[in-house]
$ cat start-v2.txt   # compact mmCIF, C-alpha atoms
# COMPACT_ATOMS: atom_id res chain seq x y z
CA LYS Z 39 29.03 30.27 -19.64
CA VAL Z 40 31.02 33.46 -19.97
CA ASN Z 41 31.42 36.06 -17.29
CA HIS Z 42 32.57 39.18 -19.12
CA GLU Z 43 31.20 42.73 -19.17
CA ASN Z 44 31.10 42.74 -23.00
CA VAL Z 45 29.16 39.49 -23.30
CA ILE Z 46 25.39 39.33 -22.88
CA ASP Z 47 23.53 36.03 -22.91
CA TYR Z 48 20.76 37.52 -24.98
CA ALA Z 49 18.90 34.24 -25.39
CA THR Z 50 18.14 34.16 -21.66
CA SER Z 51 17.97 37.92 -21.09
CA ASP Z 52 14.87 39.62 -19.70
CA SER Z 53 15.58 42.45 -22.17
CA ARG Z 54 14.74 40.32 -25.21
CA SER Z 55 12.18 41.86 -27.55
CA ASP Z 56 11.29 41.95 -31.24
CA PHE Z 57 12.56 45.52 -31.45
CA LEU Z 58 15.89 44.64 -29.83
CA ASP Z 59 16.23 41.59 -32.11
CA MET Z 60 16.03 43.91 -35.12
CA TRP Z 61 18.24 46.59 -33.57
CA LEU Z 62 20.99 44.09 -32.75
CA MET Z 63 20.99 42.64 -36.27
CA ALA Z 64 21.08 46.13 -37.81
CA ASN Z 65 23.92 47.36 -35.59
CA CYS Z 66 26.09 44.31 -34.98
CA LYS Z 67 29.71 44.17 -36.13
CA PHE Z 68 28.91 40.75 -37.61
CA CYS Z 69 26.30 38.01 -37.28
CA ILE Z 70 26.69 34.27 -36.72
CA SER Z 71 23.73 32.28 -37.97
CA THR Z 72 22.47 28.98 -39.33
CA ALA Z 73 20.65 30.80 -42.16
CA LEU Z 74 17.18 30.34 -40.70
CA GLY Z 75 15.69 33.80 -40.50
CA LEU Z 76 16.85 36.71 -38.38
CA ASP Z 77 20.13 36.89 -40.31
CA ALA Z 78 18.07 38.39 -43.17
CA VAL Z 79 17.93 41.61 -41.14
CA ALA Z 80 21.74 41.63 -40.82
CA SER Z 81 21.91 41.00 -44.56
CA CYS Z 82 19.61 43.97 -45.31
CA PHE Z 83 21.98 46.18 -43.31
CA ARG Z 84 25.01 44.67 -45.08
CA ARG Z 85 26.49 43.21 -41.92
CA PRO Z 86 29.05 40.44 -42.47
CA ILE Z 87 27.54 37.04 -41.69
CA LEU Z 88 29.06 33.72 -40.69
CA PHE Z 89 26.76 30.88 -41.69
CA VAL Z 90 27.46 27.62 -39.82
CA ASN Z 91 25.63 24.30 -40.16
CA ALA Z 92 23.71 25.85 -43.05
CA LEU Z 93 21.97 24.01 -45.88
CA PRO Z 94 21.34 23.86 -48.76
CA LEU Z 95 24.53 25.05 -50.40
CA LYS Z 96 22.68 26.60 -53.35
CA HIS Z 97 21.10 29.14 -50.94
CA MET Z 98 24.54 30.43 -49.92
CA LEU Z 99 24.56 34.22 -49.86
CA THR Z 100 27.15 35.26 -52.45
CA SER Z 101 26.30 38.93 -52.87
CA GLN Z 102 27.89 40.18 -49.67
CA GLU Z 103 30.69 39.56 -47.19
CA HIS Z 104 30.22 36.21 -45.50
CA VAL Z 105 31.79 32.89 -44.65
CA PHE Z 106 29.68 29.79 -45.25
CA VAL Z 107 30.27 26.40 -43.66
CA PRO Z 108 27.62 23.81 -44.47
CA LYS Z 109 26.74 20.73 -42.50
CA HIS Z 110 28.67 17.65 -43.55
CA LEU Z 111 26.80 15.50 -46.05
CA LYS Z 112 27.75 11.89 -46.76
CA TRP Z 113 26.27 8.98 -48.61
CA LYS Z 114 24.60 6.60 -46.15
CA GLN Z 115 25.60 3.50 -48.07
CA THR Z 116 29.32 4.26 -48.38
CA GLY Z 117 30.03 6.95 -45.79
CA VAL Z 118 31.76 9.02 -48.50
CA LYS Z 119 31.31 12.77 -48.18
CA LEU Z 120 29.59 14.59 -51.02
CA SER Z 121 31.49 16.75 -53.51
CA VAL Z 122 30.62 20.38 -54.26
CA GLU Z 123 28.72 19.26 -57.34
CA GLU Z 124 26.76 16.71 -55.28
CA TYR Z 125 26.00 19.30 -52.57
CA LEU Z 126 24.54 21.53 -55.30
CA GLN Z 127 22.69 18.73 -57.07
CA HIS Z 128 21.17 17.59 -53.77
CA SER Z 129 20.14 21.00 -52.40
CA TYR Z 130 17.02 20.05 -50.51
CA ASN Z 131 14.91 22.13 -48.15
CA SER Z 132 14.10 19.37 -45.67
CA SER Z 133 15.95 16.63 -43.86
CA VAL Z 134 13.39 14.13 -45.16
CA GLU Z 135 14.49 14.84 -48.74
CA TYR Z 136 18.13 14.18 -47.83
CA GLU Z 137 17.07 10.97 -46.04
CA ASN Z 138 15.00 9.82 -49.04
CA ASN Z 139 18.01 10.34 -51.31
CA GLY Z 140 20.36 8.29 -49.13
CA ILE Z 141 22.25 11.24 -47.68
CA GLU Z 142 23.23 11.54 -44.02
CA ILE Z 143 23.41 15.03 -42.50
CA CYS Z 144 26.08 15.57 -39.83
CA SER Z 145 26.36 18.78 -37.82
CA LEU Z 146 29.68 20.51 -37.47
CA ALA Z 147 31.67 19.61 -34.37
CA PRO Z 148 31.98 22.30 -31.68
CA LEU Z 149 35.69 22.73 -32.51
CA GLU Z 150 34.85 23.30 -36.19
CA ILE Z 151 32.38 26.02 -35.20
CA LYS Z 152 34.89 27.60 -32.81
CA ASN Z 153 37.63 27.61 -35.46
CA VAL Z 154 35.47 29.19 -38.15
CA ALA Z 155 34.18 31.79 -35.67
CA ILE Z 156 37.79 32.75 -34.93
CA GLU Z 157 38.55 32.81 -38.66
CA PHE Z 158 35.54 35.03 -39.33
CA ALA Z 159 36.30 37.48 -36.53
CA ARG Z 160 39.82 37.79 -37.90
CA ARG Z 161 38.53 38.27 -41.46
CA VAL Z 162 36.12 41.00 -40.34
CA GLY Z 163 38.94 42.66 -38.37
CA ASN Z 164 41.26 42.47 -41.40
CA ASN Z 165 43.55 40.26 -39.35
CA TRP Z 166 43.29 37.03 -41.37
CA SER Z 167 46.21 35.78 -43.40
CA GLU Z 168 45.19 33.51 -46.25
CA SER Z 169 47.80 31.05 -47.50
CA CYS Z 170 48.40 30.43 -51.20
CA GLU Z 171 46.82 26.99 -50.78
CA ASP Z 172 43.73 28.53 -49.12
CA ARG Z 173 43.37 30.96 -52.02
CA ARG Z 174 43.70 28.10 -54.49
CA TRP Z 175 40.97 26.07 -52.72
CA GLN Z 176 38.66 29.11 -52.61
CA GLN Z 177 39.19 29.78 -56.31
CA GLU Z 178 38.45 26.15 -57.13
CA PHE Z 179 35.24 26.24 -55.11
CA TRP Z 180 33.99 29.43 -56.81
CA LYS Z 181 34.93 28.06 -60.23
CA ARG Z 182 32.81 24.97 -59.59
CA LEU Z 183 29.92 27.02 -58.25
CA LYS Z 184 29.94 29.14 -61.43
CA GLN Z 185 29.95 25.96 -63.56
CA TRP Z 186 26.84 24.62 -61.81
CA ASP Z 187 23.70 24.67 -64.00
CA GLY Z 188 21.70 26.59 -61.36
CA TYR Z 189 24.31 29.33 -60.85
CA ASP Z 190 22.56 31.99 -62.95
CA GLU Z 191 19.20 31.30 -61.29
CA TRP Z 192 20.52 31.54 -57.69
CA HIS Z 193 23.56 33.80 -57.98
CA SER Z 194 24.53 36.68 -60.19
CA TRP Z 195 27.61 38.11 -58.52
CA ILE Z 196 30.15 36.94 -55.98
CA HIS Z 197 31.30 39.46 -53.39
CA PRO Z 198 35.11 39.60 -53.14
CA LYS Z 199 34.85 38.74 -49.42
CA ALA Z 200 32.49 35.76 -49.83
CA ARG Z 201 34.17 32.56 -48.65
CA ILE Z 202 33.77 28.94 -47.66
CA GLY Z 203 35.35 28.37 -44.23
CA ALA Z 204 39.10 27.76 -44.58
CA ASP Z 205 39.24 24.76 -42.21
CA PHE Z 206 36.15 23.20 -43.81
CA ILE Z 207 37.63 23.41 -47.28
CA ARG Z 208 41.07 22.20 -46.10
CA GLU Z 209 39.71 19.25 -44.14
CA ASN Z 210 37.32 18.18 -46.89
CA SER Z 211 39.31 19.12 -50.00
CA LYS Z 212 39.78 15.52 -51.20
CA THR Z 213 36.06 14.79 -51.34
CA PHE Z 214 34.51 18.26 -51.48
CA LEU Z 215 36.79 19.47 -54.28
CA GLY Z 216 38.38 16.13 -55.21
$ encode --input "start-v2.txt" --output "structure tokens"
Amino acid sequence: KVNHENVIDYATSDSRSDFLDMWLMANCKFCISTALGLDAVASCFRRPILFVNALPLKHMLTSQEHVFVPKHLKWKQTGVKLSVEEYLQHSYNSSVEYENNGIEICSLAPLEIKNVAIEFARRVGNNWSESCEDRRWQQEFWKRLKQWDGYDEWHSWIHPKARIGADFIRENSKTFLG
């Protein structure tokens, strides 16, 4: 709970309406979403979007400014996290499909979400300093995405401000980009 004049708990507000939903998405400074619907309005109005706990990776929005942090995926049998290539190969639209293919889905921890929200707010405010290592990890991710067989079908251009969350890529670099 936050008690601040600039914060509105819209989810519990009596002012909620379909019109206001659309207006907020069209006029926000940026949007934080799980990629399940209303963020499409923010996308139409070219608002920067932070996608957290989003799947599948192949649906990542690459044509505009965003930061994407997927849920953690790991093999049930070994507990080993999936690589970028495996995330793309196993891009399912339902949890049942992940389950049937022996993949466990783990949501991001609250601290991971907090850290990427801070990162994104700083990026949008042009107040984010990317290290050489961070740039190298980002370049490696985008290189692998472009090498994926489905790249041309799902993506045609990568916005210069499209990113995978810095902490996510750092913390998972050995398996995700290993």
$ atom_distance --input "start-v2.txt" --atom1 "CA of Trp166 (chain Z)" --atom2 "CA of Thr100 (chain Z)"
19.7 Å
$ closest_residue --input "start-v2.txt" --among "Z:Gln115, Z:Ser121, Z:Asn91, Z:Ser194" --to "Glu150 (chain Z)" --atoms "only C-alpha atoms"
Z:Asn91
$ residues_around --input "start-v2.txt" --residues "Tyr130 (chain Z)" --least-positions-apart "4" --cutoff "10 Å" --atoms "only C-alpha atoms" --output "ChimeraX atom specification"
/Z:93-97,125-126,134-136,139
$ closest_residue --input "start-v2.txt" --among "Z:Lys119, Z:Lys184, Z:Arg161, Z:Lys199" --to "Ser211 (chain Z)" --atoms "only C-alpha atoms"
Z:Lys119
$ atom_distance --input "start-v2.txt" --atom1 "CA of Asn210 (chain Z)" --atom2 "CA of Leu111 (chain Z)"
10.9 Å
$ residues_around --input "start-v2.txt" --residues "region 207-209 of chain Z" --least-positions-apart "4" --cutoff "10 Å" --atoms "all atoms listed in the file" --output "list in words"
Val107, Glu171, Asp172, Trp175, Gln176, Phe179, Arg201, Ile202, Gly203, Thr213, Phe214 and Leu215 of chain Z
$ residues_around --input "start-v2.txt" --residues "Phe158 (chain Z)" --least-positions-apart "6" --cutoff "12 Å" --atoms "all atoms listed in the file" --output "PDB file with C-alpha atoms, keeping the file's coordinate frame"
ATOM      1  CA  LYS Z  67      29.710  44.170 -36.130  1.00  0.00           C
ATOM      2  CA  PHE Z  68      28.910  40.750 -37.610  1.00  0.00           C
ATOM      3  CA  CYS Z  69      26.300  38.010 -37.280  1.00  0.00           C
ATOM      4  CA  ILE Z  70      26.690  34.270 -36.720  1.00  0.00           C
ATOM      5  CA  PRO Z  86      29.050  40.440 -42.470  1.00  0.00           C
ATOM      6  CA  ILE Z  87      27.540  37.040 -41.690  1.00  0.00           C
ATOM      7  CA  LEU Z  88      29.060  33.720 -40.690  1.00  0.00           C
ATOM      8  CA  PHE Z  89      26.760  30.880 -41.690  1.00  0.00           C
ATOM      9  CA  VAL Z  90      27.460  27.620 -39.820  1.00  0.00           C
ATOM     10  CA  GLU Z 103      30.690  39.560 -47.190  1.00  0.00           C
ATOM     11  CA  HIS Z 104      30.220  36.210 -45.500  1.00  0.00           C
ATOM     12  CA  VAL Z 105      31.790  32.890 -44.650  1.00  0.00           C
ATOM     13  CA  PHE Z 106      29.680  29.790 -45.250  1.00  0.00           C
ATOM     14  CA  VAL Z 107      30.270  26.400 -43.660  1.00  0.00           C
ATOM     15  CA  ILE Z 151      32.380  26.020 -35.200  1.00  0.00           C
ATOM     16  CA  LYS Z 152      34.890  27.600 -32.810  1.00  0.00           C
ATOM     17  CA  ASN Z 164      41.260  42.470 -41.400  1.00  0.00           C
ATOM     18  CA  ASN Z 165      43.550  40.260 -39.350  1.00  0.00           C
ATOM     19  CA  TRP Z 166      43.290  37.030 -41.370  1.00  0.00           C
ATOM     20  CA  SER Z 167      46.210  35.780 -43.400  1.00  0.00           C
ATOM     21  CA  GLU Z 168      45.190  33.510 -46.250  1.00  0.00           C
ATOM     22  CA  LYS Z 199      34.850  38.740 -49.420  1.00  0.00           C
ATOM     23  CA  ALA Z 200      32.490  35.760 -49.830  1.00  0.00           C
ATOM     24  CA  ARG Z 201      34.170  32.560 -48.650  1.00  0.00           C
ATOM     25  CA  ILE Z 202      33.770  28.940 -47.660  1.00  0.00           C
ATOM     26  CA  GLY Z 203      35.350  28.370 -44.230  1.00  0.00           C
ATOM     27  CA  ALA Z 204      39.100  27.760 -44.580  1.00  0.00           C
ATOM     28  CA  ASP Z 205      39.240  24.760 -42.210  1.00  0.00           C
TER      29      ASP Z 205
END
$ atom_distance --input "start-v2.txt" --atom1 "CA of Gly140 (chain Z)" --atom2 "CA of Trp113 (chain Z)"
6.0 Å
$ closest_residue --input "start-v2.txt" --among "Z:Ala64, Z:Leu149, Z:Cys82, Z:Ala92" --to "Ser132 (chain Z)" --atoms "all atoms listed in the file"
Z:Ala92
$ closest_atom_pairs --input "start-v2.txt" --of "region 74-102 of chain Z" --to "region 40-62 of chain Z" --cutoff "12 Å" --atoms "only C-alpha atoms" --output "CSV"
residue,atom,partner,partner_atom,distance
Z:Gly75,CA,Z:Met60,CA,11.5
Z:Leu76,CA,Z:Met60,CA,7.9
Z:Asp77,CA,Z:Met60,CA,9.6
Z:Ala78,CA,Z:Met60,CA,10.0
Z:Val79,CA,Z:Met60,CA,6.7
Z:Ala80,CA,Z:Met60,CA,8.4
Z:Ser81,CA,Z:Met60,CA,11.5
Z:Cys82,CA,Z:Met60,CA,10.8
Z:Phe83,CA,Z:Met60,CA,10.4
Z:Arg85,CA,Z:Leu62,CA,10.7
$ write_last_selection --input "start-v2.txt" --atoms "C-alpha atoms" --output "PDB file, keeping the file's coordinate frame"
ATOM      1  CA  GLY Z  75      15.690  33.800 -40.500  1.00  0.00           C
ATOM      2  CA  LEU Z  76      16.850  36.710 -38.380  1.00  0.00           C
ATOM      3  CA  ASP Z  77      20.130  36.890 -40.310  1.00  0.00           C
ATOM      4  CA  ALA Z  78      18.070  38.390 -43.170  1.00  0.00           C
ATOM      5  CA  VAL Z  79      17.930  41.610 -41.140  1.00  0.00           C
ATOM      6  CA  ALA Z  80      21.740  41.630 -40.820  1.00  0.00           C
ATOM      7  CA  SER Z  81      21.910  41.000 -44.560  1.00  0.00           C
ATOM      8  CA  CYS Z  82      19.610  43.970 -45.310  1.00  0.00           C
ATOM      9  CA  PHE Z  83      21.980  46.180 -43.310  1.00  0.00           C
ATOM     10  CA  ARG Z  85      26.490  43.210 -41.920  1.00  0.00           C
TER      11      ARG Z  85
END
$ closest_residue --input "start-v2.txt" --among "Z:Lys39, Z:Val118, Z:Met63, Z:Met98" --to "His197 (chain Z)" --atoms "all atoms listed in the file"
Z:Met98
$ closest_residue --input "start-v2.txt" --among "Z:Arg160, Z:Lys114, Z:Thr72, Z:Pro198" --to "Ser145 (chain Z)" --atoms "only C-alpha atoms"
Z:Thr72
